[in-house]
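Q: Contents of query33.txt (compact mmCIF, C-alpha atoms) are given next:
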```
# COMPACT_ATOMS: atom_id res chain seq x y z
CA MET F 1 42.91 81.37 62.93
CA SER F 2 41.67 82.51 66.31
CA GLY F 3 44.84 81.01 67.93
CA ASP F 4 47.08 83.06 65.65
CA VAL F 5 45.13 86.17 66.54
CA GLY F 6 45.54 85.45 70.27
CA GLN F 7 49.28 84.96 69.99
CA LYS F 8 49.57 88.22 68.04
CA TRP F 9 47.72 90.07 70.82
CA VAL F 10 50.02 88.58 73.44
CA ARG F 11 53.10 89.68 71.49
CA PHE F 12 51.59 93.12 71.03
CA LEU F 13 50.92 93.52 74.74
CA CYS F 14 54.46 92.37 75.65
CA MET F 15 55.97 94.80 73.20
CA ALA F 16 53.82 97.59 74.53
CA SER F 17 54.82 96.82 78.13
CA LEU F 18 58.49 96.76 77.17
CA ALA F 19 58.16 100.12 75.49
CA VAL F 20 56.56 101.59 78.58
CA CYS F 21 59.34 100.19 80.75
CA LEU F 22 62.02 101.61 78.48
CA ALA F 23 60.33 104.98 78.66
CA GLY F 24 60.42 104.88 82.51
CA GLY F 25 56.74 104.33 82.75
CA PHE F 26 54.53 102.81 85.35
CA GLY F 27 55.54 99.52 87.10
CA CYS F 28 59.18 99.36 85.84
CA GLU F 29 61.14 101.49 88.47
CA LYS F 30 64.62 100.26 89.31
CA LYS F 31 64.91 98.85 92.80
CA ARG F 32 67.05 101.00 95.12
CA PRO F 33 69.32 99.29 97.61
CA ARG F 34 67.99 99.34 101.16
CA VAL F 35 69.91 101.56 103.56
CA ASN F 36 70.68 100.34 107.05
CA GLN F 37 69.25 103.10 109.19
CA SER F 38 71.45 102.42 112.22
CA THR F 39 74.64 102.49 110.10
CA SER F 40 73.65 105.75 108.50
CA THR F 41 73.04 107.31 111.91
CA GLU F 42 76.47 106.22 113.22
CA GLU F 43 78.21 107.57 110.11
CA ASN F 44 76.44 110.88 110.53
CA ALA F 45 77.53 111.04 114.17
CA VAL F 46 81.18 110.32 113.25
CA ALA F 47 81.04 112.96 110.55
CA GLU F 48 79.73 115.46 113.07
CA SER F 49 82.40 114.61 115.65
CA THR F 50 85.30 114.96 113.20
CA SER F 51 84.14 118.18 111.68
CA GLU F 52 85.94 121.43 112.62
CA PRO F 53 84.46 123.00 115.76
CA SER F 54 83.00 126.40 115.53
CA PRO F 55 85.49 129.04 116.61
CA GLU F 56 84.90 130.15 120.18
CA PRO F 57 84.49 133.81 120.84
CA ARG F 58 87.74 135.50 121.96
CA THR F 59 88.08 136.39 125.58
CA SER F 60 89.06 139.82 126.69
CA ALA F 61 92.57 138.59 127.66
CA ALA F 62 93.14 137.14 124.19
CA ALA F 63 91.83 140.26 122.56
CA ASN F 64 94.17 142.35 124.76
CA PRO F 65 97.64 140.81 125.10
CA LYS F 66 98.48 143.20 127.94
CA ALA F 67 95.92 141.42 130.08
CA THR F 68 97.97 138.19 129.97
CA PRO F 69 100.16 138.04 133.11
CA GLU F 70 103.91 137.95 132.55
CA PRO F 71 105.67 134.72 133.67
CA ARG F 72 107.18 135.29 137.10
CA LEU F 73 110.83 134.59 137.75
CA PRO F 74 111.56 132.20 140.63
CA SER F 75 112.18 133.99 143.89
CA VAL F 76 112.40 133.41 147.62
CA ALA F 77 110.98 135.38 150.49
CA VAL F 78 113.28 137.93 152.11
CA SER F 79 112.71 140.15 155.10
CA THR F 80 110.58 143.23 154.50
CA GLN F 81 110.84 144.47 158.09
CA PRO F 82 113.04 147.41 159.04
CA PRO F 83 116.49 145.99 159.87
CA PRO F 84 117.66 146.12 163.48
CA ALA F 85 119.69 149.21 164.27
CA GLU F 86 122.42 147.14 165.97
CA ILE F 87 122.17 144.08 163.79
CA TRP F 88 125.20 142.33 165.33
CA ARG F 89 123.27 141.88 168.59
CA GLU F 90 120.97 139.48 166.75
CA PHE F 91 123.76 136.88 166.62
CA LYS F 92 122.79 134.01 168.94
CA GLY F 93 125.56 131.82 170.30
CA GLN F 94 123.18 128.96 171.00
CA ASN F 95 122.23 128.74 167.32
CA ALA F 96 125.90 128.46 166.39
CA LEU F 97 126.51 125.87 169.11
CA ASP F 98 123.59 123.77 167.87
CA THR F 99 125.01 123.76 164.33
CA ALA F 100 128.50 122.92 165.60
CA GLY F 101 127.01 120.02 167.55
CA LYS F 102 125.43 118.59 164.41
CA LEU F 103 128.74 118.81 162.54
CA VAL F 104 130.73 117.23 165.36
CA GLY F 105 128.12 114.48 165.57
CA LEU F 106 129.08 113.40 162.04
CA GLY F 107 132.53 112.39 163.29
CA PRO F 108 135.78 113.09 161.42
CA ARG F 109 135.12 114.96 158.16
CA PRO F 110 138.24 114.98 156.00
CA ALA F 111 138.04 116.12 152.39
CA GLY F 112 136.37 113.59 150.11
CA SER F 113 134.74 111.60 152.93
CA PRO F 114 131.05 110.59 153.13
CA ALA F 115 130.84 112.43 156.46
CA LEU F 116 131.88 115.65 154.73
CA ASP F 117 129.16 115.09 152.12
CA SER F 118 126.66 115.00 154.99
CA ALA F 119 128.17 118.16 156.47
CA ARG F 120 127.87 119.86 153.08
CA ARG F 121 124.16 119.06 152.85
CA LEU F 122 123.61 120.38 156.37
CA LEU F 123 125.42 123.64 155.61
CA VAL F 124 123.65 124.19 152.29
CA SER F 125 120.29 123.62 153.97
CA GLY F 126 121.11 126.20 156.66
CA LEU F 127 122.18 128.83 154.15
CA GLU F 128 119.16 128.29 151.91
CA ALA F 129 116.85 128.54 154.92
CA ALA F 130 118.16 132.10 155.37
CA ALA F 131 117.44 132.90 151.68
CA TRP F 132 121.05 132.61 150.48
CA GLU F 133 121.70 130.95 147.12
CA VAL F 134 124.53 128.41 147.22
CA GLU F 135 126.89 127.57 144.38
CA ARG F 136 128.73 124.22 144.60
CA ASP F 137 132.16 124.65 143.05
CA ALA F 138 133.96 121.32 142.64
CA PHE F 139 137.71 121.34 142.11
CA GLN F 140 140.76 119.09 142.08
CA THR F 141 144.31 120.13 142.78
CA ALA F 142 147.73 118.56 143.21
CA ALA F 143 148.86 117.57 146.69
CA PRO F 144 151.57 115.41 148.24
CA ASN F 145 150.98 111.72 147.49
CA GLY F 146 148.44 112.43 144.76
CA SER F 147 145.70 114.98 144.30
CA VAL F 148 142.94 116.35 146.50
CA SER F 149 139.32 116.95 145.48
CA GLY F 150 136.90 119.30 147.13
CA VAL F 151 133.67 121.25 146.81
CA ASN F 152 133.61 124.89 147.84
CA LEU F 153 130.24 126.34 148.84
CA ILE F 154 129.79 129.95 147.74
CA ALA F 155 126.72 131.79 149.03
CA ARG F 156 125.23 135.02 147.66
CA PHE F 157 122.17 137.06 148.58
CA SER F 158 119.64 139.01 146.52
CA ALA F 159 117.88 141.88 148.27
CA ASP F 160 114.66 141.24 146.33
CA GLY F 161 114.87 137.44 146.54
CA SER F 162 115.25 136.96 142.79
CA ARG F 163 116.80 133.80 141.36
CA PRO F 164 119.36 133.19 140.10
CA VAL F 165 121.37 135.62 142.19
CA ALA F 166 123.70 137.76 140.10
CA ARG F 167 127.31 136.64 140.38
CA THR F 168 128.67 140.14 140.31
CA PRO F 169 131.74 140.67 142.50
CA ARG F 170 131.16 141.42 146.16
CA SER F 171 133.81 143.43 147.95
CA ILE F 172 133.40 141.69 151.33
CA LEU F 173 134.10 137.97 151.81
CA VAL F 174 133.61 135.81 154.91
CA VAL F 175 135.46 132.47 154.89
CA ALA F 176 135.31 129.34 157.03
CA ALA F 177 136.86 125.94 156.30
CA TYR F 178 134.51 123.01 156.86
CA ASP F 179 136.75 119.94 156.54
CA THR F 180 138.77 118.36 159.38
CA ARG F 181 142.34 117.15 159.37
CA ALA F 182 142.78 113.43 158.74
CA PHE F 183 144.50 111.44 161.48
CA SER F 184 145.16 107.70 161.52
CA THR F 185 145.78 107.49 165.26
CA ILE F 186 143.00 109.57 166.84
CA GLN F 187 139.30 110.32 166.38
CA PHE F 188 139.54 113.99 165.49
CA VAL F 189 136.10 115.67 165.23
CA GLY F 190 137.37 119.26 165.13
CA ALA F 191 134.96 121.15 167.37
CA THR F 192 137.01 124.35 167.01
CA ASP F 193 138.68 123.34 163.77
CA GLY F 194 136.05 122.51 161.13
CA ALA F 195 132.83 122.94 163.13
CA SER F 196 132.71 126.24 165.05
CA GLY F 197 133.83 128.37 162.08
CA PRO F 198 131.16 127.09 159.66
CA ALA F 199 128.56 127.21 162.46
CA MET F 200 129.42 130.86 163.12
CA LEU F 201 129.28 131.64 159.39
CA LEU F 202 125.76 130.19 159.17
CA GLU F 203 124.56 132.34 162.06
CA ILE F 204 126.17 135.42 160.53
CA ALA F 205 124.32 134.58 157.29
CA ARG F 206 121.02 134.44 159.18
CA VAL F 207 121.66 137.76 160.89
CA LEU F 208 122.75 139.55 157.71
CA SER F 209 119.56 138.37 155.98
CA LEU F 210 117.63 140.63 158.37
CA ASN F 211 119.06 143.51 156.30
CA PRO F 212 118.78 142.33 152.67
CA ARG F 213 120.54 145.39 151.23
CA LEU F 214 123.48 144.76 153.51
CA ALA F 215 123.54 141.01 152.89
CA GLU F 216 123.76 141.33 149.11
CA ARG F 217 127.07 143.19 149.45
CA VAL F 218 128.68 140.18 151.14
CA GLU F 219 129.82 136.83 149.78
CA LEU F 220 130.27 133.73 151.95
CA LEU F 221 132.78 130.95 151.30
CA LEU F 222 132.79 127.55 152.98
CA ALA F 223 136.17 126.26 151.86
CA ASP F 224 136.85 122.56 151.35
CA ALA F 225 140.25 120.79 151.52
CA SER F 226 141.66 123.43 153.84
CA GLU F 227 143.59 120.93 155.94
CA PRO F 228 146.93 119.67 154.57
CA ARG F 229 147.73 116.07 153.67
CA GLN F 230 150.98 116.31 155.63
CA GLN F 231 151.79 119.83 156.81
CA PHE F 232 151.00 123.35 155.69
CA THR F 233 153.19 124.45 152.81
CA PRO F 234 152.59 126.60 149.72
CA THR F 235 151.48 123.42 147.93
CA ASP F 236 149.76 121.55 150.78
CA GLY F 237 146.68 122.93 152.53
CA VAL F 238 144.16 125.79 152.10
CA ALA F 239 143.32 124.32 148.67
CA GLY F 240 139.72 125.57 148.71
CA SER F 241 140.72 129.18 149.33
CA ARG F 242 143.44 129.01 146.68
CA HIS F 243 140.95 127.62 144.18
CA TYR F 244 138.41 130.33 145.00
CA LEU F 245 141.01 133.04 144.52
CA SER F 246 142.02 131.57 141.17
CA ARG F 247 138.57 132.25 139.72
CA VAL F 248 137.95 135.80 140.93
CA ASP F 249 139.59 139.15 140.35
CA PRO F 250 141.58 139.89 143.53
CA LYS F 251 141.02 143.60 142.97
CA SER F 252 137.29 143.09 143.49
CA LEU F 253 137.85 142.07 147.13
CA ARG F 254 138.30 144.89 149.63
CA ARG F 255 138.15 142.94 152.91
CA VAL F 256 138.24 139.25 153.86
CA LEU F 257 137.30 137.84 157.27
CA VAL F 258 138.41 134.26 158.01
CA LEU F 259 136.76 132.34 160.85
CA GLY F 260 139.30 129.80 162.09
CA GLY F 261 139.40 128.12 165.48
CA VAL F 262 136.77 130.19 167.29
CA GLY F 263 134.37 129.68 170.14
CA ALA F 264 136.44 127.78 172.70
CA ASN F 265 135.06 128.36 176.18
CA GLY F 266 136.60 131.43 177.78
CA GLU F 267 139.34 131.78 175.16
CA ASN F 268 140.42 135.00 173.50
CA LEU F 269 141.59 135.13 169.88
CA THR F 270 144.93 135.46 168.17
CA VAL F 271 145.47 137.19 164.84
CA PRO F 272 148.47 136.92 162.49
CA PRO F 273 151.37 139.22 163.32
CA ASP F 274 151.45 140.53 159.74
CA THR F 275 147.81 141.69 159.78
CA ALA F 276 147.55 144.98 157.88
CA ALA F 277 147.66 148.04 160.15
CA ASP F 278 144.32 149.47 158.95
CA VAL F 279 142.55 146.14 159.45
CA TRP F 280 144.06 145.73 162.92
CA GLN F 281 142.89 149.24 163.83
CA GLU F 282 139.35 148.51 162.59
CA ALA F 283 139.27 145.28 164.58
CA THR F 284 140.51 146.77 167.85
CA GLN F 285 138.10 149.68 167.53
CA GLY F 286 135.30 147.15 167.14
CA CYS F 287 136.37 145.28 170.24
CA ALA F 288 136.33 148.52 172.23
CA ARG F 289 132.96 149.48 170.75
CA LEU F 290 131.46 146.18 171.92
CA GLY F 291 133.09 146.28 175.34
CA GLN F 292 135.57 143.50 174.58
CA PRO F 293 138.96 145.26 174.53
CA MET F 294 140.87 142.09 175.38
CA LEU F 295 139.26 139.86 172.75
CA LEU F 296 142.14 140.05 170.24
CA ARG F 297 145.91 139.96 170.40
CA LYS F 298 148.58 139.55 167.77
CA LEU F 299 150.43 136.27 167.77
CA ASP F 300 154.20 136.40 168.02
CA ARG F 301 154.76 133.79 165.30
CA TYR F 302 153.65 133.01 161.77
CA MET F 303 150.14 131.58 161.38
CA TRP F 304 148.93 129.27 158.64
CA GLY F 305 145.26 129.46 157.71
CA ASP F 306 142.83 130.30 154.94
CA HIS F 307 143.85 133.95 155.13
CA VAL F 308 147.26 133.15 153.61
CA PRO F 309 146.25 133.03 149.90
CA PHE F 310 144.35 136.32 150.25
CA ALA F 311 147.20 138.03 152.07
CA GLU F 312 149.65 136.81 149.43
CA ALA F 313 147.40 138.39 146.77
CA GLY F 314 147.57 141.73 148.57
CA ILE F 315 143.97 141.61 149.90
CA SER F 316 143.34 143.08 153.35
CA SER F 317 142.24 140.17 155.54
CA LEU F 318 141.71 139.28 159.18
CA TYR F 319 142.06 135.75 160.54
CA LEU F 320 140.25 134.95 163.79
CA GLY F 321 141.52 131.87 165.58
CA ASN F 322 143.37 130.69 168.64
CA HIS F 323 146.71 129.12 167.93
CA ASP F 324 147.41 128.86 171.68
CA TYR F 325 144.38 126.57 172.17
CA LEU F 326 145.76 123.52 173.97
CA ALA F 327 143.36 120.99 172.44
CA ARG F 328 144.13 122.08 168.86
CA TYR F 329 144.60 119.04 166.59
CA THR F 330 143.98 116.59 169.44
CA ALA F 331 141.24 114.10 170.26
CA ASP F 332 140.16 116.47 173.04
CA ASP F 333 138.86 119.05 170.56
CA ARG F 334 135.29 118.00 171.27
CA LEU F 335 131.98 119.82 171.57
CA ASP F 336 132.36 120.33 175.33
CA LYS F 337 135.21 122.74 174.57
CA LEU F 338 132.74 125.16 172.96
CA SER F 339 130.22 127.37 174.69
CA ALA F 340 127.27 129.41 173.50
CA ALA F 341 128.58 132.45 175.41
CA SER F 342 132.00 132.35 173.73
CA LEU F 343 130.49 131.80 170.28
CA GLU F 344 128.13 134.73 170.84
CA ARG F 345 130.91 137.02 172.03
CA VAL F 346 133.08 136.32 168.97
CA GLY F 347 130.10 136.08 166.61
CA GLN F 348 128.73 139.49 167.53
CA PHE F 349 132.15 141.05 167.01
CA ALA F 350 132.53 139.32 163.61
CA THR F 351 129.06 140.43 162.53
CA TRP F 352 129.74 144.01 163.63
CA LEU F 353 132.98 144.06 161.63
CA VAL F 354 131.37 142.64 158.47
CA ALA F 355 128.49 145.14 158.73
CA GLN F 356 130.95 148.05 159.11
CA TRP F 357 132.95 146.91 156.10
CA ALA F 358 129.87 146.37 153.93
CA GLN F 359 128.37 149.77 154.71
CA ARG F 360 131.40 151.70 153.46
```
Show this structure as structure tokens.

A:
Amino acid sequence: MSGDVGQKWVRFLCMASLAVCLAGGFGCEKKRPRVNQSTSTEENAVAESTSEPSPEPRTSAAANPKATPEPRLPSVAVSTQPPPAEIWREFKGQNALDTAGKLVGLGPRPAGSPALDSARRLLVSGLEAAAWEVERDAFQTAAPNGSVSGVNLIARFSADGSRPVARTPRSILVVAAYDTRAFSTIQFVGATDGASGPAMLLEIARVLSLNPRLAERVELLLADASEPRQQFTPTDGVAGSRHYLSRVDPKSLRRVLVLGGVGANGENLTVPPDTAADVWQEATQGCARLGQPMLLRKLDRYMWGDHVPFAEAGISSLYLGNHDYLARYTADDRLDKLSAASLERVGQFATWLVAQWAQR
């Protein structure tokens, strides 16, 4: 009897405990999973790092768009000094002689040759050093025994140094051919025919840059493939000048100066017999003005040169060369035939003439 009573009390107590547990009472709380403290900290840190940052306060420039500087266009430095009153006197024959020496040192430079590529780089570098922008205009044209390829160099100036320079027509053009005639029997380096003309053009470019407003009225052309494959004819030779003329409006050109075989020691210059009367008068007046009345004379026979395409198009042009030069198209046309004094004499006259034309 007492055993039955004991078992009943045990059952009663178990049932009571179960009831308490079911009611959420004392001693029956569910165990919560343990949290790894280090993992929780890392997750919190990641959450913080990936959350959106607080917006930063606006600066005064952002609040005021006018305070943001405008992007500047590329430009080069140009002279800001007052230009020389007699700018042509700034032409230095020694500078031209030095450039001619570098060209002659490259050896023969016929169109399409590696030596002419080197000459082109030298000329571009010289023009850019004087703040001129250079356009490389590649072309190909028919010629005897095939075709001829070339690269004209066209230089323009901006008075404020801005880039790119506007390609608006200039009324004054200065031309010099920079290739040499190809010979199979001699080493022809063309001191007066392919070197002195481009060298003089580079020095004129430097001098004109001293007066930016004057310089931007002038265009410079270093013509490639000027020399003929065989002999000068309407279809052989002066290819670079013909190509240049094909891409411009001839009416935009008022005067053209062509620097041919110039700078031979002690030599005077010949000009074509069909030079326009007004151009011849301007040139002779310039010679007298500079104290060189005997510098020019008209040749008594027809002259081929880079002036021909311009003259055929009705453009007033002047060709400066010396078709009586005894070493012309010979192996003797070397650097020792040039002199700084002769280059300076002709170069100052050419610069004076270009300045007079551009100021009108």

Q: Could you check which of F:Leu259, F:Ala311, F:Val76, F:Val346 is closest to Asp160 (chain F), using only C-alpha atoms?

A: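 That would be F:Val76, the residue with the smallest distance to Asp160 (chain F).
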
Q: Using all atoms listed in the file, find the one residue out of F:Gln140, F:Ser316, F:Ser241, F:Ser246 that sits nearest to Ala276 (chain F).

A: F:Ser316

Q: Nearest to Thr180 (chain F) among F:Asp336, F:Glu219, F:Asp117, F:Glu227, with distances taken over only C-alpha atoms: which residue is it?

A: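 Checking each of F:Asp336, F:Glu219, F:Asp117, F:Glu227 against Thr180 (chain F), counting only C-alpha atoms, the winner is F:Glu227.
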
Q: Using only C-alpha atoms - which residues lie no farther than 12 Å from the point (127.4, 118.8, 152.1) in the file's frame? Write them as an MDAnalysis selection string.

A: chainID F and resid 103 106 109 111:127 134:138 150:153 178:179 198 222:224

Q: Please enclose the listed atoms of region 147-159 of chain F in an axis-aligned box, pad each side by 4 Å, and write out the centre and the three edge lengths in Å, rounded to one decimal, as AutoDock Vina command-line options.

A:
```
--center_x 131.8 --center_y 128.4 --center_z 146.7 --size_x 35.8 --size_y 34.9 --size_z 12.7
```

Q: Sort by chain and increasing residue number a table of all residues of region 58-144 of chain F within 12 Å of region 278-294 of chain F, each with its closest pair of atoms and their distance in Å to one decimal, counting only C-alpha atoms, and write it as CSV.

A:
```
residue,atom,partner,partner_atom,distance
F:Glu86,CA,F:Leu290,CA,10.9
F:Trp88,CA,F:Leu290,CA,9.9
F:Arg89,CA,F:Leu290,CA,9.8
```

Q: Would you please work out which residue, of F:Gly261, F:Gly93, F:Pro228, F:Pro273, is nearest to Leu326 (chain F) when using only C-alpha atoms?

A: F:Gly261

Q: Which distance in Å separates CA of Leu97 (chain F) and CA of Val189 (chain F), to one decimal?

A: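 Here the two named atoms are 14.5 Å from each other.
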
Q: May I ask for the distance between CA of Ile204 (chain F) and CA of Gln187 (chain F), given in Å to one decimal place?

A: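 The value is 28.9 Å.
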
Q: Of the candidates F:Glu216, F:Asp306, F:Asp332, F:Asp98, which shows the shortest atom-to-atom distance to Leu318 (chain F), using all atoms listed in the file?

A: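 Among the listed residues, F:Asp306 lies closest to Leu318 (chain F).
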
Q: Tell me which of F:His307, F:Ala176, F:Asn95, F:Ala225 sits closest to Gly237 (chain F), counting all atoms listed in the file.

A: F:Ala225

Q: Considering only C-alpha atoms, return as a list in words whatever protein or nucleic-acid residues lie within 12 Å of Leu245 (chain F), sequence-local ones (same chain, fewer than 6 positions apart) excluded.

A: Asn152, Leu173, Val175, Leu221, Ala223, Val238, Ala239, Lys251, Ser252, Leu253, Val256, Asp306, His307, Val308, Pro309, Phe310, Ala311, Glu312, Ala313, Gly314 and Ile315 of chain F

Q: To one decimal in Å, tell me the separation between CA of Arg229 (chain F) and CA of Tyr244 (chain F).

A: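 Atom-to-atom, CA of Arg229 (chain F) and CA of Tyr244 (chain F) are spaced 19.1 Å apart.
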
Q: Would you be able to write out as number ranges by chain which residues have an atom within 9 Å of (134.9, 149.3, 153.0) in the file's coordinates, counting only C-alpha atoms?

A: F: 171-172, 254-255, 356-360

Q: Using only C-alpha atoms, which protein or nucleic acid residues come within 9 Å of Leu210 (chain F)? Drop anything in the same chain fewer than 3 positions from it, and give the result as an mmCIF file with C-alpha atoms, in the coordinates of the input.

A:
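Below you can see selection_3.cif, which holds the result:
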```
data_model
loop_
_atom_site.group_PDB
_atom_site.id
_atom_site.type_symbol
_atom_site.label_atom_id
_atom_site.label_comp_id
_atom_site.auth_asym_id
_atom_site.auth_seq_id
_atom_site.Cartn_x
_atom_site.Cartn_y
_atom_site.Cartn_z
ATOM 1 C CA VAL F 78 113.280 137.930 152.110
ATOM 2 C CA SER F 79 112.710 140.150 155.100
ATOM 3 C CA THR F 80 110.580 143.230 154.500
ATOM 4 C CA GLN F 81 110.840 144.470 158.090
ATOM 5 C CA PRO F 82 113.040 147.410 159.040
ATOM 6 C CA PRO F 83 116.490 145.990 159.870
ATOM 7 C CA PRO F 84 117.660 146.120 163.480
ATOM 8 C CA ILE F 87 122.170 144.080 163.790
ATOM 9 C CA ARG F 206 121.020 134.440 159.180
ATOM 10 C CA VAL F 207 121.660 137.760 160.890
ATOM 11 C CA LEU F 214 123.480 144.760 153.510
ATOM 12 C CA ALA F 215 123.540 141.010 152.890
#
```

Q: Near Asp300 (chain F), within 10 Å and counting only C-alpha atoms, which residues show up once chain neighbours fewer than 4 positions away are dropped, as a count of residues only?

A: 5

Q: Just want the 7 Å neighbourhood of region 199-201 of chain F, counted on all atoms listed in the file, with same-chain residues fewer than 2 positions away dropped. Output as a list in words.

A: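 Near region 199-201 of chain F, the qualifying residues are Ala96, Thr99, Ala100, Ala176, Ala195, Ser196, Gly197, Glu203, Ile204, Ala205 and Gly347 of chain F.
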
Q: Supply region 333-353 of chain F as a PDB file, in the frame of the given file, with N, CA and C atoms built in where the input has gaps.

A:
```
ATOM      1  N   ASP F 333     139.576 117.927 171.178  1.00  0.00           N
ATOM      2  CA  ASP F 333     138.860 119.050 170.560  1.00  0.00           C
ATOM      3  C   ASP F 333     137.420 118.626 170.266  1.00  0.00           C
ATOM      4  N   ARG F 334     136.663 118.489 171.359  1.00  0.00           N
ATOM      5  CA  ARG F 334     135.290 118.000 171.270  1.00  0.00           C
ATOM      6  C   ARG F 334     134.309 119.132 171.555  1.00  0.00           C
ATOM      7  N   LEU F 335     133.022 118.796 171.432  1.00  0.00           N
ATOM      8  CA  LEU F 335     131.980 119.820 171.570  1.00  0.00           C
ATOM      9  C   LEU F 335     131.974 120.474 172.939  1.00  0.00           C
ATOM     10  N   ASP F 336     132.399 119.740 173.986  1.00  0.00           N
ATOM     11  CA  ASP F 336     132.360 120.330 175.330  1.00  0.00           C
ATOM     12  C   ASP F 336     133.393 121.443 175.506  1.00  0.00           C
ATOM     13  N   LYS F 337     134.252 121.629 174.505  1.00  0.00           N
ATOM     14  CA  LYS F 337     135.210 122.740 174.570  1.00  0.00           C
ATOM     15  C   LYS F 337     134.595 124.043 174.079  1.00  0.00           C
ATOM     16  N   LEU F 338     133.430 123.963 173.447  1.00  0.00           N
ATOM     17  CA  LEU F 338     132.740 125.160 172.960  1.00  0.00           C
ATOM     18  C   LEU F 338     131.687 125.599 173.962  1.00  0.00           C
ATOM     19  N   SER F 339     131.317 126.866 173.879  1.00  0.00           N
ATOM     20  CA  SER F 339     130.220 127.370 174.690  1.00  0.00           C
ATOM     21  C   SER F 339     129.425 128.379 173.893  1.00  0.00           C
ATOM     22  N   ALA F 340     128.130 128.457 174.190  1.00  0.00           N
ATOM     23  CA  ALA F 340     127.270 129.410 173.500  1.00  0.00           C
ATOM     24  C   ALA F 340     127.717 130.847 173.799  1.00  0.00           C
ATOM     25  N   ALA F 341     128.162 131.099 175.029  1.00  0.00           N
ATOM     26  CA  ALA F 341     128.580 132.450 175.410  1.00  0.00           C
ATOM     27  C   ALA F 341     129.804 132.899 174.621  1.00  0.00           C
ATOM     28  N   SER F 342     130.786 131.996 174.472  1.00  0.00           N
ATOM     29  CA  SER F 342     132.000 132.350 173.730  1.00  0.00           C
ATOM     30  C   SER F 342     131.698 132.541 172.250  1.00  0.00           C
ATOM     31  N   LEU F 343     130.879 131.673 171.687  1.00  0.00           N
ATOM     32  CA  LEU F 343     130.490 131.800 170.280  1.00  0.00           C
ATOM     33  C   LEU F 343     129.731 133.112 170.059  1.00  0.00           C
ATOM     34  N   GLU F 344     128.900 133.494 170.999  1.00  0.00           N
ATOM     35  CA  GLU F 344     128.130 134.730 170.840  1.00  0.00           C
ATOM     36  C   GLU F 344     129.040 135.954 170.947  1.00  0.00           C
ATOM     37  N   ARG F 345     129.988 135.900 171.854  1.00  0.00           N
ATOM     38  CA  ARG F 345     130.910 137.020 172.030  1.00  0.00           C
ATOM     39  C   ARG F 345     131.722 137.268 170.750  1.00  0.00           C
ATOM     40  N   VAL F 346     132.287 136.193 170.195  1.00  0.00           N
ATOM     41  CA  VAL F 346     133.080 136.320 168.970  1.00  0.00           C
ATOM     42  C   VAL F 346     132.170 136.598 167.774  1.00  0.00           C
ATOM     43  N   GLY F 347     131.012 135.932 167.740  1.00  0.00           N
ATOM     44  CA  GLY F 347     130.100 136.080 166.610  1.00  0.00           C
ATOM     45  C   GLY F 347     129.541 137.480 166.479  1.00  0.00           C
ATOM     46  N   GLN F 348     129.234 138.121 167.599  1.00  0.00           N
ATOM     47  CA  GLN F 348     128.730 139.490 167.530  1.00  0.00           C
ATOM     48  C   GLN F 348     129.818 140.441 167.048  1.00  0.00           C
ATOM     49  N   PHE F 349     131.051 140.222 167.499  1.00  0.00           N
ATOM     50  CA  PHE F 349     132.150 141.050 167.010  1.00  0.00           C
ATOM     51  C   PHE F 349     132.347 140.856 165.508  1.00  0.00           C
ATOM     52  N   ALA F 350     132.337 139.595 165.036  1.00  0.00           N
ATOM     53  CA  ALA F 350     132.530 139.320 163.610  1.00  0.00           C
ATOM     54  C   ALA F 350     131.412 139.937 162.778  1.00  0.00           C
ATOM     55  N   THR F 351     130.186 139.849 163.261  1.00  0.00           N
ATOM     56  CA  THR F 351     129.060 140.430 162.530  1.00  0.00           C
ATOM     57  C   THR F 351     129.161 141.943 162.491  1.00  0.00           C
ATOM     58  N   TRP F 352     129.551 142.548 163.605  1.00  0.00           N
ATOM     59  CA  TRP F 352     129.740 144.010 163.630  1.00  0.00           C
ATOM     60  C   TRP F 352     130.776 144.433 162.599  1.00  0.00           C
ATOM     61  N   LEU F 353     131.900 143.700 162.540  1.00  0.00           N
ATOM     62  CA  LEU F 353     132.980 144.060 161.630  1.00  0.00           C
ATOM     63  C   LEU F 353     132.535 143.943 160.175  1.00  0.00           C
TER      64      LEU F 353
END
```
